[in-house]
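Shown next: target-v3.cif, containing mmCIF, C-alpha atoms.
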```cif
data_my_file
loop_
_atom_site.group_PDB
_atom_site.id
_atom_site.type_symbol
_atom_site.label_atom_id
_atom_site.label_comp_id
_atom_site.auth_asym_id
_atom_site.auth_seq_id
_atom_site.Cartn_x
_atom_site.Cartn_y
_atom_site.Cartn_z
ATOM 1 C CA THR A 1 48.329 -32.558 -71.102
ATOM 2 C CA GLN A 2 49.781 -35.378 -73.130
ATOM 3 C CA ASN A 3 47.450 -36.866 -75.684
ATOM 4 C CA LYS A 4 47.346 -40.610 -75.724
ATOM 5 C CA SER A 5 46.770 -42.340 -78.996
ATOM 6 C CA ARG A 6 44.098 -44.985 -79.197
ATOM 7 C CA ARG A 7 44.460 -48.111 -81.254
ATOM 8 C CA ILE A 8 41.309 -49.377 -82.880
ATOM 9 C CA ASN A 9 41.285 -52.963 -84.182
ATOM 10 C CA ILE A 10 39.203 -52.957 -87.281
ATOM 11 C CA MET A 11 38.022 -56.358 -88.498
ATOM 12 C CA GLY A 12 37.578 -56.840 -92.165
ATOM 13 C CA ILE A 13 34.164 -57.492 -93.633
ATOM 14 C CA SER A 14 33.880 -61.057 -94.939
ATOM 15 C CA ILE A 15 31.225 -63.509 -95.963
ATOM 16 C CA ASN A 16 32.865 -66.866 -95.187
ATOM 17 C CA THR A 17 33.669 -66.164 -91.519
ATOM 18 C CA ASN A 18 31.149 -64.610 -89.143
ATOM 19 C CA VAL A 19 32.833 -64.576 -85.746
ATOM 20 C CA ALA A 20 29.930 -62.848 -84.012
ATOM 21 C CA ALA A 21 27.460 -65.461 -85.208
ATOM 22 C CA THR A 22 29.802 -68.267 -84.170
ATOM 23 C CA ARG A 23 30.156 -66.891 -80.643
ATOM 24 C CA ALA A 24 26.441 -66.223 -80.331
ATOM 25 C CA GLY A 25 25.714 -69.768 -81.493
ATOM 26 C CA MET A 26 28.165 -71.131 -78.928
ATOM 27 C CA TYR A 27 26.437 -69.224 -76.132
ATOM 28 C CA LEU A 28 23.058 -70.383 -77.412
ATOM 29 C CA GLY A 29 24.174 -74.016 -77.276
ATOM 30 C CA THR A 30 25.578 -73.624 -73.764
ATOM 31 C CA ASN A 31 22.484 -71.866 -72.449
ATOM 32 C CA HIS A 32 20.217 -74.444 -74.062
ATOM 33 C CA ALA A 33 22.184 -77.267 -72.411
ATOM 34 C CA ASN A 34 21.898 -75.517 -69.034
ATOM 35 C CA LEU A 35 18.168 -75.071 -69.587
ATOM 36 C CA GLN A 36 17.775 -78.765 -70.380
ATOM 37 C CA LYS A 37 19.746 -79.692 -67.254
ATOM 38 C CA SER A 38 17.494 -77.481 -65.126
ATOM 39 C CA LEU A 39 14.404 -79.078 -66.666
ATOM 40 C CA ASP A 40 15.820 -82.555 -65.963
ATOM 41 C CA ARG A 41 16.441 -81.702 -62.308
ATOM 42 C CA LEU A 42 13.014 -80.204 -61.743
ATOM 43 C CA SER A 43 11.182 -83.015 -63.536
ATOM 44 C CA SER A 44 13.119 -85.755 -61.702
ATOM 45 C CA GLY A 45 13.364 -83.994 -58.336
ATOM 46 C CA ARG A 46 17.047 -84.944 -58.180
ATOM 47 C CA ARG A 47 20.077 -82.681 -58.210
ATOM 48 C CA ILE A 48 22.250 -85.480 -59.602
ATOM 49 C CA THR A 49 20.667 -86.799 -62.791
ATOM 50 C CA GLU A 50 23.885 -88.328 -64.139
ATOM 51 C CA PRO A 51 27.305 -89.159 -62.631
ATOM 52 C CA ALA A 52 28.918 -86.147 -64.320
ATOM 53 C CA ASP A 53 26.784 -83.795 -62.209
ATOM 54 C CA ASP A 54 28.564 -84.771 -58.974
ATOM 55 C CA ALA A 55 30.654 -87.948 -59.142
ATOM 56 C CA GLY A 56 31.752 -87.803 -55.505
ATOM 57 C CA GLY A 57 28.267 -87.002 -54.258
ATOM 58 C CA LEU A 58 26.833 -89.901 -56.243
ATOM 59 C CA ALA A 59 29.334 -92.319 -54.653
ATOM 60 C CA VAL A 60 28.445 -91.131 -51.150
ATOM 61 C CA SER A 61 24.735 -91.312 -51.981
ATOM 62 C CA MET A 62 25.019 -94.927 -53.128
ATOM 63 C CA LYS A 63 26.711 -95.909 -49.862
ATOM 64 C CA LEU A 64 24.099 -94.098 -47.789
ATOM 65 C CA GLU A 65 21.268 -95.748 -49.727
ATOM 66 C CA HIS A 66 22.850 -99.185 -49.244
ATOM 67 C CA THR A 67 23.280 -98.635 -45.505
ATOM 68 C CA GLY A 68 19.682 -97.444 -45.241
ATOM 69 C CA LYS A 69 18.389 -100.562 -46.996
ATOM 70 C CA VAL A 70 20.461 -102.848 -44.749
ATOM 71 C CA LEU A 71 19.183 -101.071 -41.649
ATOM 72 C CA GLN A 72 15.616 -101.350 -42.930
ATOM 73 C CA GLY A 73 16.135 -105.106 -43.116
ATOM 74 C CA VAL A 74 17.539 -105.052 -39.569
ATOM 75 C CA ALA A 75 14.484 -103.088 -38.400
ATOM 76 C CA ASN A 76 12.177 -105.679 -39.967
ATOM 77 C CA ASN A 77 14.102 -108.514 -38.295
ATOM 78 C CA ILE A 78 13.896 -106.826 -34.890
ATOM 79 C CA SER A 79 10.167 -106.207 -35.346
ATOM 80 C CA ASN A 80 9.614 -109.860 -36.211
ATOM 81 C CA ALA A 81 11.647 -110.929 -33.167
ATOM 82 C CA ILE A 82 9.501 -108.690 -30.956
ATOM 83 C CA SER A 83 6.384 -110.308 -32.407
ATOM 84 C CA LEU A 84 7.814 -113.772 -31.698
ATOM 85 C CA MET A 85 8.592 -112.783 -28.100
ATOM 86 C CA GLN A 86 5.093 -111.376 -27.670
ATOM 87 C CA VAL A 87 3.633 -114.684 -28.859
ATOM 88 C CA GLN A 88 5.852 -116.445 -26.323
ATOM 89 C CA ASP A 89 4.728 -114.120 -23.530
ATOM 90 C CA SER A 90 1.063 -114.665 -24.382
ATOM 91 C CA ALA A 91 1.605 -118.415 -24.140
ATOM 92 C CA LEU A 92 3.425 -118.012 -20.807
ATOM 93 C CA ASP A 93 0.549 -115.888 -19.556
ATOM 94 C CA SER A 94 -1.888 -118.680 -20.454
ATOM 95 C CA ILE A 95 0.313 -121.262 -18.738
ATOM 96 C CA GLY A 96 0.459 -119.079 -15.625
ATOM 97 C CA LYS A 97 -3.328 -118.870 -15.548
ATOM 98 C CA ILE A 98 -3.574 -122.635 -15.911
ATOM 99 C CA VAL A 99 -1.153 -123.191 -13.022
ATOM 100 C CA SER A 100 -3.173 -120.736 -10.949
ATOM 101 C CA ARG A 101 -6.317 -122.710 -11.779
ATOM 102 C CA ILE A 102 -4.568 -125.910 -10.717
ATOM 103 C CA GLY A 103 -3.795 -124.238 -7.385
ATOM 104 C CA GLU A 104 -7.474 -123.361 -7.059
ATOM 105 C CA LEU A 105 -8.411 -126.959 -7.816
ATOM 106 C CA GLN A 106 -5.915 -128.166 -5.212
ATOM 107 C CA GLY A 107 -7.564 -125.980 -2.588
ATOM 108 C CA MET A 108 -11.006 -127.361 -3.434
ATOM 109 C CA TYR A 109 -9.668 -130.907 -3.662
ATOM 110 C CA ASN A 110 -8.361 -130.716 -0.099
ATOM 111 C CA ASP A 111 -11.717 -129.513 1.211
ATOM 112 C CA VAL A 112 -12.902 -132.017 3.819
ATOM 113 C CA THR A 113 -16.460 -131.721 2.583
ATOM 114 C CA LYS A 114 -15.573 -133.066 -0.870
ATOM 115 C CA SER A 115 -16.520 -136.631 -1.642
ATOM 116 C CA THR A 116 -14.415 -139.132 -3.520
ATOM 117 C CA ALA A 117 -16.520 -138.503 -6.633
ATOM 118 C CA ASP A 118 -15.928 -134.765 -6.339
ATOM 119 C CA LYS A 119 -12.192 -135.306 -6.067
ATOM 120 C CA ALA A 120 -12.266 -137.548 -9.113
ATOM 121 C CA LEU A 121 -13.836 -134.698 -11.101
ATOM 122 C CA TYR A 122 -11.146 -132.296 -9.919
ATOM 123 C CA ASP A 123 -8.447 -134.784 -10.901
ATOM 124 C CA SER A 124 -10.060 -135.119 -14.331
ATOM 125 C CA GLU A 125 -9.814 -131.341 -14.858
ATOM 126 C CA PHE A 126 -6.248 -131.420 -13.500
ATOM 127 C CA THR A 127 -5.333 -134.001 -16.151
ATOM 128 C CA ASP A 128 -6.875 -131.859 -18.877
ATOM 129 C CA LEU A 129 -5.029 -128.761 -17.666
ATOM 130 C CA LYS A 130 -1.688 -130.595 -17.658
ATOM 131 C CA ALA A 131 -2.355 -131.696 -21.228
ATOM 132 C CA GLN A 132 -3.089 -128.105 -22.168
ATOM 133 C CA ILE A 133 0.200 -126.913 -20.668
ATOM 134 C CA THR A 134 2.061 -129.548 -22.663
ATOM 135 C CA ALA A 135 0.150 -128.608 -25.822
ATOM 136 C CA ILE A 136 0.977 -124.910 -25.424
ATOM 137 C CA ALA A 137 4.652 -125.654 -24.728
ATOM 138 C CA SER A 138 4.929 -128.031 -27.685
ATOM 139 C CA ASN A 139 2.702 -126.492 -30.332
ATOM 140 C CA THR A 140 3.102 -122.721 -29.972
ATOM 141 C CA VAL A 141 4.889 -121.657 -33.157
ATOM 142 C CA PHE A 142 5.673 -118.420 -34.974
ATOM 143 C CA ASN A 143 6.142 -118.812 -38.720
ATOM 144 C CA GLY A 144 7.078 -122.441 -38.175
ATOM 145 C CA ILE A 145 9.479 -121.679 -35.299
ATOM 146 C CA ASP A 146 8.836 -123.384 -31.965
ATOM 147 C CA VAL A 147 8.924 -120.498 -29.481
ATOM 148 C CA PHE A 148 9.655 -122.831 -26.549
ATOM 149 C CA GLY A 149 13.013 -124.356 -27.349
ATOM 150 C CA GLY A 150 12.364 -126.222 -30.559
ATOM 151 C CA ALA A 151 14.541 -123.980 -32.754
ATOM 152 C CA GLY A 152 17.625 -123.842 -30.538
ATOM 153 C CA THR A 153 19.428 -120.513 -30.292
ATOM 154 C CA LEU A 154 17.653 -117.557 -31.885
ATOM 155 C CA GLU A 155 20.056 -114.687 -32.588
ATOM 156 C CA VAL A 156 18.655 -111.284 -33.539
ATOM 157 C CA PHE A 157 21.017 -108.796 -35.208
ATOM 158 C CA LEU A 158 20.612 -105.254 -33.900
ATOM 159 C CA ASN A 159 22.707 -103.126 -36.276
ATOM 160 C CA GLU A 160 24.387 -103.055 -39.676
ATOM 161 C CA ASP A 161 27.734 -104.454 -38.508
ATOM 162 C CA GLN A 162 26.801 -107.823 -37.047
ATOM 163 C CA SER A 163 30.349 -108.504 -35.837
ATOM 164 C CA THR A 164 30.531 -105.618 -33.356
ATOM 165 C CA ALA A 165 30.112 -106.068 -29.621
ATOM 166 C CA GLY A 166 26.447 -105.881 -28.718
ATOM 167 C CA GLY A 167 25.530 -106.203 -32.358
ATOM 168 C CA SER A 168 23.145 -109.077 -31.678
ATOM 169 C CA LEU A 169 20.846 -110.465 -29.015
ATOM 170 C CA THR A 170 20.351 -114.152 -28.323
ATOM 171 C CA ILE A 171 16.768 -114.846 -27.322
ATOM 172 C CA THR A 172 16.508 -117.033 -24.229
ATOM 173 C CA ASP A 173 15.729 -120.626 -25.126
ATOM 174 C CA VAL A 174 12.691 -121.194 -22.886
ATOM 175 C CA ASP A 175 11.571 -124.803 -22.513
ATOM 176 C CA VAL A 176 8.582 -124.540 -20.199
ATOM 177 C CA ASP A 177 7.623 -128.165 -19.746
ATOM 178 C CA ALA A 178 11.276 -129.110 -19.058
ATOM 179 C CA ALA A 179 11.687 -126.588 -16.220
ATOM 180 C CA THR A 180 12.310 -128.053 -12.757
ATOM 181 C CA ASP A 181 9.076 -127.122 -11.005
ATOM 182 C CA MET A 182 6.902 -127.488 -14.102
ATOM 183 C CA THR A 183 8.337 -130.946 -14.752
ATOM 184 C CA ALA A 184 7.505 -132.005 -11.202
ATOM 185 C CA LEU A 185 3.989 -130.606 -11.469
ATOM 186 C CA LEU A 186 3.293 -132.356 -14.772
ATOM 187 C CA ALA A 187 4.584 -135.628 -13.315
ATOM 188 C CA ASP A 188 1.865 -135.608 -10.639
ATOM 189 C CA THR A 189 -1.010 -137.914 -11.483
ATOM 190 C CA SER A 190 -3.431 -136.473 -8.935
ATOM 191 C CA LEU A 191 -4.012 -133.205 -7.147
ATOM 192 C CA ALA A 192 -3.186 -135.092 -3.980
ATOM 193 C CA ASP A 193 0.389 -135.532 -5.258
ATOM 194 C CA ILE A 194 1.055 -131.783 -5.483
ATOM 195 C CA PRO A 195 3.156 -130.615 -2.516
ATOM 196 C CA THR A 196 1.480 -128.176 -0.165
ATOM 197 C CA ASP A 197 4.763 -126.724 1.085
ATOM 198 C CA GLU A 198 7.350 -124.708 -0.862
ATOM 199 C CA SER A 199 9.145 -127.550 -2.595
ATOM 200 C CA ASP A 200 9.713 -128.534 -6.210
ATOM 201 C CA GLY A 201 6.446 -128.828 -8.032
ATOM 202 C CA ASP A 202 4.225 -126.914 -5.648
ATOM 203 C CA ILE A 203 1.955 -124.233 -7.098
ATOM 204 C CA SER A 204 3.793 -121.181 -5.771
ATOM 205 C CA GLN A 205 7.203 -122.403 -6.972
ATOM 206 C CA THR A 206 5.799 -123.304 -10.379
ATOM 207 C CA LEU A 207 4.141 -119.895 -10.745
ATOM 208 C CA GLU A 208 7.394 -118.223 -9.745
ATOM 209 C CA GLU A 209 9.168 -120.228 -12.426
ATOM 210 C CA VAL A 210 6.668 -119.092 -15.091
ATOM 211 C CA ALA A 211 6.905 -115.511 -13.811
ATOM 212 C CA GLY A 212 10.680 -115.673 -14.146
ATOM 213 C CA HIS A 213 10.339 -116.702 -17.799
ATOM 214 C CA ARG A 214 7.947 -113.807 -18.410
ATOM 215 C CA ALA A 215 10.318 -111.373 -16.716
ATOM 216 C CA THR A 216 13.197 -112.554 -18.908
ATOM 217 C CA ASN A 217 10.964 -112.267 -21.953
ATOM 218 C CA GLY A 218 9.945 -108.739 -20.974
ATOM 219 C CA GLY A 219 13.551 -107.627 -20.531
ATOM 220 C CA GLU A 220 14.535 -108.971 -23.933
ATOM 221 C CA VAL A 221 11.517 -107.346 -25.601
ATOM 222 C CA ARG A 222 12.397 -104.010 -24.001
ATOM 223 C CA ARG A 223 15.954 -104.235 -25.319
ATOM 224 C CA LEU A 224 14.662 -105.118 -28.766
ATOM 225 C CA GLN A 225 12.308 -102.132 -28.672
ATOM 226 C CA TYR A 226 15.166 -99.781 -27.804
ATOM 227 C CA ALA A 227 17.297 -101.321 -30.548
ATOM 228 C CA LEU A 228 14.440 -100.874 -33.030
ATOM 229 C CA ALA A 229 14.059 -97.208 -32.069
ATOM 230 C CA ASN A 230 17.794 -96.700 -32.571
ATOM 231 C CA VAL A 231 17.771 -98.353 -36.000
ATOM 232 C CA GLN A 232 14.740 -96.356 -37.116
ATOM 233 C CA SER A 233 16.481 -93.155 -36.012
ATOM 234 C CA GLN A 234 19.536 -94.104 -38.074
ATOM 235 C CA ILE A 235 17.357 -94.785 -41.118
ATOM 236 C CA THR A 236 15.710 -91.374 -40.774
ATOM 237 C CA ASN A 237 19.035 -89.559 -40.448
ATOM 238 C CA LEU A 238 20.606 -91.451 -43.348
ATOM 239 C CA SER A 239 17.613 -90.618 -45.514
ATOM 240 C CA ALA A 240 17.939 -86.934 -44.609
ATOM 241 C CA ALA A 241 21.678 -86.926 -45.344
ATOM 242 C CA ASN A 242 21.147 -88.634 -48.687
ATOM 243 C CA GLY A 243 18.390 -86.183 -49.548
ATOM 244 C CA ARG A 244 20.740 -83.244 -49.029
ATOM 245 C CA ILE A 245 23.104 -84.782 -51.574
ATOM 246 C CA VAL A 246 20.772 -85.893 -54.350
ATOM 247 C CA ASP A 247 17.531 -83.932 -53.945
ATOM 248 C CA VAL A 248 17.127 -80.716 -55.912
ATOM 249 C CA ASP A 249 16.342 -77.422 -54.195
ATOM 250 C CA ILE A 250 13.091 -76.587 -55.994
ATOM 251 C CA ALA A 251 13.187 -72.874 -55.111
ATOM 252 C CA ALA A 252 16.777 -72.346 -56.252
ATOM 253 C CA GLU A 253 16.392 -74.488 -59.361
ATOM 254 C CA SER A 254 13.160 -72.715 -60.368
ATOM 255 C CA SER A 255 15.045 -69.409 -60.271
ATOM 256 C CA ASN A 256 17.840 -70.953 -62.325
ATOM 257 C CA LEU A 257 15.278 -72.238 -64.842
ATOM 258 C CA ALA A 258 13.859 -68.740 -65.321
ATOM 259 C CA LYS A 259 17.393 -67.387 -65.793
ATOM 260 C CA GLN A 260 18.289 -70.016 -68.381
ATOM 261 C CA GLN A 261 15.052 -69.418 -70.291
ATOM 262 C CA VAL A 262 15.871 -65.702 -70.589
ATOM 263 C CA LEU A 263 19.459 -66.453 -71.638
ATOM 264 C CA VAL A 264 18.319 -68.931 -74.284
ATOM 265 C CA GLN A 265 15.871 -66.417 -75.737
ATOM 266 C CA ALA A 266 18.477 -63.624 -75.670
ATOM 267 C CA SER A 267 21.230 -65.738 -77.222
ATOM 268 C CA ALA A 268 18.823 -66.992 -79.908
ATOM 269 C CA ALA A 269 17.891 -63.409 -80.779
ATOM 270 C CA MET A 270 21.547 -62.344 -80.883
ATOM 271 C CA THR A 271 22.450 -65.343 -83.024
ATOM 272 C CA ALA A 272 19.748 -64.338 -85.500
ATOM 273 C CA GLN A 273 21.049 -60.766 -85.643
ATOM 274 C CA ALA A 274 24.667 -61.888 -85.943
ATOM 275 C CA ASN A 275 23.726 -64.090 -88.893
ATOM 276 C CA VAL A 276 22.485 -61.059 -90.867
ATOM 277 C CA ALA A 277 25.208 -58.655 -89.704
ATOM 278 C CA ASN A 278 27.415 -59.480 -92.682
ATOM 279 C CA ASP A 279 24.676 -58.516 -95.123
ATOM 280 C CA VAL A 280 26.488 -55.199 -95.358
ATOM 281 C CA ALA A 281 28.997 -56.969 -97.583
ATOM 282 C CA LEU A 282 26.300 -57.369 -100.219
ATOM 283 C CA MET A 283 25.758 -53.621 -100.269
ATOM 284 C CA LEU A 284 29.394 -53.137 -101.206
ATOM 285 C CA LEU A 285 29.043 -55.585 -104.079
ATOM 286 C CA GLN A 286 26.088 -53.782 -105.631
#
```
Please re-express this file's structure in structure tokens.
Amino acid sequence: TQNKSRRINIMGISINTNVAATRAGMYLGTNHANLQKSLDRLSSGRRITEPADDAGGLAVSMKLEHTGKVLQGVANNISNAISLMQVQDSALDSIGKIVSRIGELQGMYNDVTKSTADKALYDSEFTDLKAQITAIASNTVFNGIDVFGGAGTLEVFLNEDQSTAGGSLTITDVDVDAATDMTALLADTSLADIPTDESDGDISQTLEEVAGHRATNGGEVRRLQYALANVQSQITNLSAANGRIVDVDIAAESSNLAKQQVLVQASAAMTAQANVANDVALMLLQ
């Protein structure tokens, strides 16, 4: 068997240079910095506490946060538009009930047992009801917006990119008192003037006209509700994606904190021992 020689590097004993203490101090500084970083993450709840932690992740996070905020604004706009349409539908419902009441008055007015005085009373109520229809059509507002044609075109944006196809919905410009049958009905001065057949201005045609407006309103509200659900889903998913980038994993980081605490204590102890290791040089000088 061939004996192999071993080379042993023997470092000289010196006072000015303590390599072991220098290395131990370096490790202590590194471990302390890692401990501080772990404390920052746990106290803030964020994995990225400064750009240097994850520059690319921070850039993506900023874009996701911006998109989420824009979509939140879109969701608020859609919700407000739904509220406006619901106010409009409530007014149309009231107008429909008034027209129905006018039809009831017409039936009683044409009763052969009614006197001229009775008919005059019915005409008086008819005049009041027409005024109420006009008042509802002219004075129903939502945050200062006339819901029956006074504001012109009302465009509701449905997603972040407003230029895409289907990215907006134009609310139907309903002008109740300018509709064909409603206009004819409001022009009548007496219940006797209201047609009894299916022609412009008769009760059934006017009610059908109001019902058509309500149906259009309902369709637009339904589309807005679906659009709102879609936007809210996007906001939720964007929030989840952003959370995976910037939020700290508490379980994993707690384990890392315990590790760094042990390393800091160990490196501090070793640094202390390395600092006194060269005391042997003093023994040689005695």
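Among the candidates A:Ile245, A:Val221, A:Ala135, A:Leu263, the one nearest to Ile48 in chain A when counting only C-alpha atoms is A:Ile245.
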Which is closest to Ser83 in chain A among A:Ala211, A:Leu58, A:Leu224, A:Met108, if we use all atoms listed in the file?
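Of A:Ala211, A:Leu58, A:Leu224, A:Met108, the one nearest Ser83 in chain A, counting all atoms listed in the file, is A:Leu224.
Between CA of Ala137 in chain A and CA of Ile171 in chain A there is a distance of 16.4 Å.
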Need to verify the contact set: Ser38 in chain A, 12 Å, only C-alpha atoms, exclusion of same-chain residues closer than 6 positions in sequence. Can you return it as a PyMOL selection string?
chain A and resi 31-32+44-49+53+248-261
Given the choices A:Lys130, A:Arg23, A:His213, A:Lys37, which gets closest to Asp93 in chain A if the distance is worked out from only C-alpha atoms?
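That would be A:His213, the residue with the smallest distance to Asp93 in chain A.
Nearest to Gly107 in chain A of all the residues A:Val87, A:Ile82, A:Val141, A:Ala192 is A:Ala192, based on all atoms listed in the file.
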Give me the residues within 12 Å of Arg222 in chain A as JSON, numbers by chain, counting all atoms listed in the file and dropping any in the same chain fewer than 2 places off.
{"A": [78, 79, 81, 82, 85, 86, 169, 215, 216, 217, 218, 219, 220, 224, 225, 226, 227, 228, 229]}
Could you save the residues just selected, with C-alpha atoms, as an mmCIF file, in the frame of the given file?
```
data_model
loop_
_atom_site.group_PDB
_atom_site.id
_atom_site.type_symbol
_atom_site.label_atom_id
_atom_site.label_comp_id
_atom_site.auth_asym_id
_atom_site.auth_seq_id
_atom_site.Cartn_x
_atom_site.Cartn_y
_atom_site.Cartn_z
ATOM 1 C CA ILE A 78 13.896 -106.826 -34.890
ATOM 2 C CA SER A 79 10.167 -106.207 -35.346
ATOM 3 C CA ALA A 81 11.647 -110.929 -33.167
ATOM 4 C CA ILE A 82 9.501 -108.690 -30.956
ATOM 5 C CA MET A 85 8.592 -112.783 -28.100
ATOM 6 C CA GLN A 86 5.093 -111.376 -27.670
ATOM 7 C CA LEU A 169 20.846 -110.465 -29.015
ATOM 8 C CA ALA A 215 10.318 -111.373 -16.716
ATOM 9 C CA THR A 216 13.197 -112.554 -18.908
ATOM 10 C CA ASN A 217 10.964 -112.267 -21.953
ATOM 11 C CA GLY A 218 9.945 -108.739 -20.974
ATOM 12 C CA GLY A 219 13.551 -107.627 -20.531
ATOM 13 C CA GLU A 220 14.535 -108.971 -23.933
ATOM 14 C CA LEU A 224 14.662 -105.118 -28.766
ATOM 15 C CA GLN A 225 12.308 -102.132 -28.672
ATOM 16 C CA TYR A 226 15.166 -99.781 -27.804
ATOM 17 C CA ALA A 227 17.297 -101.321 -30.548
ATOM 18 C CA LEU A 228 14.440 -100.874 -33.030
ATOM 19 C CA ALA A 229 14.059 -97.208 -32.069
#
```
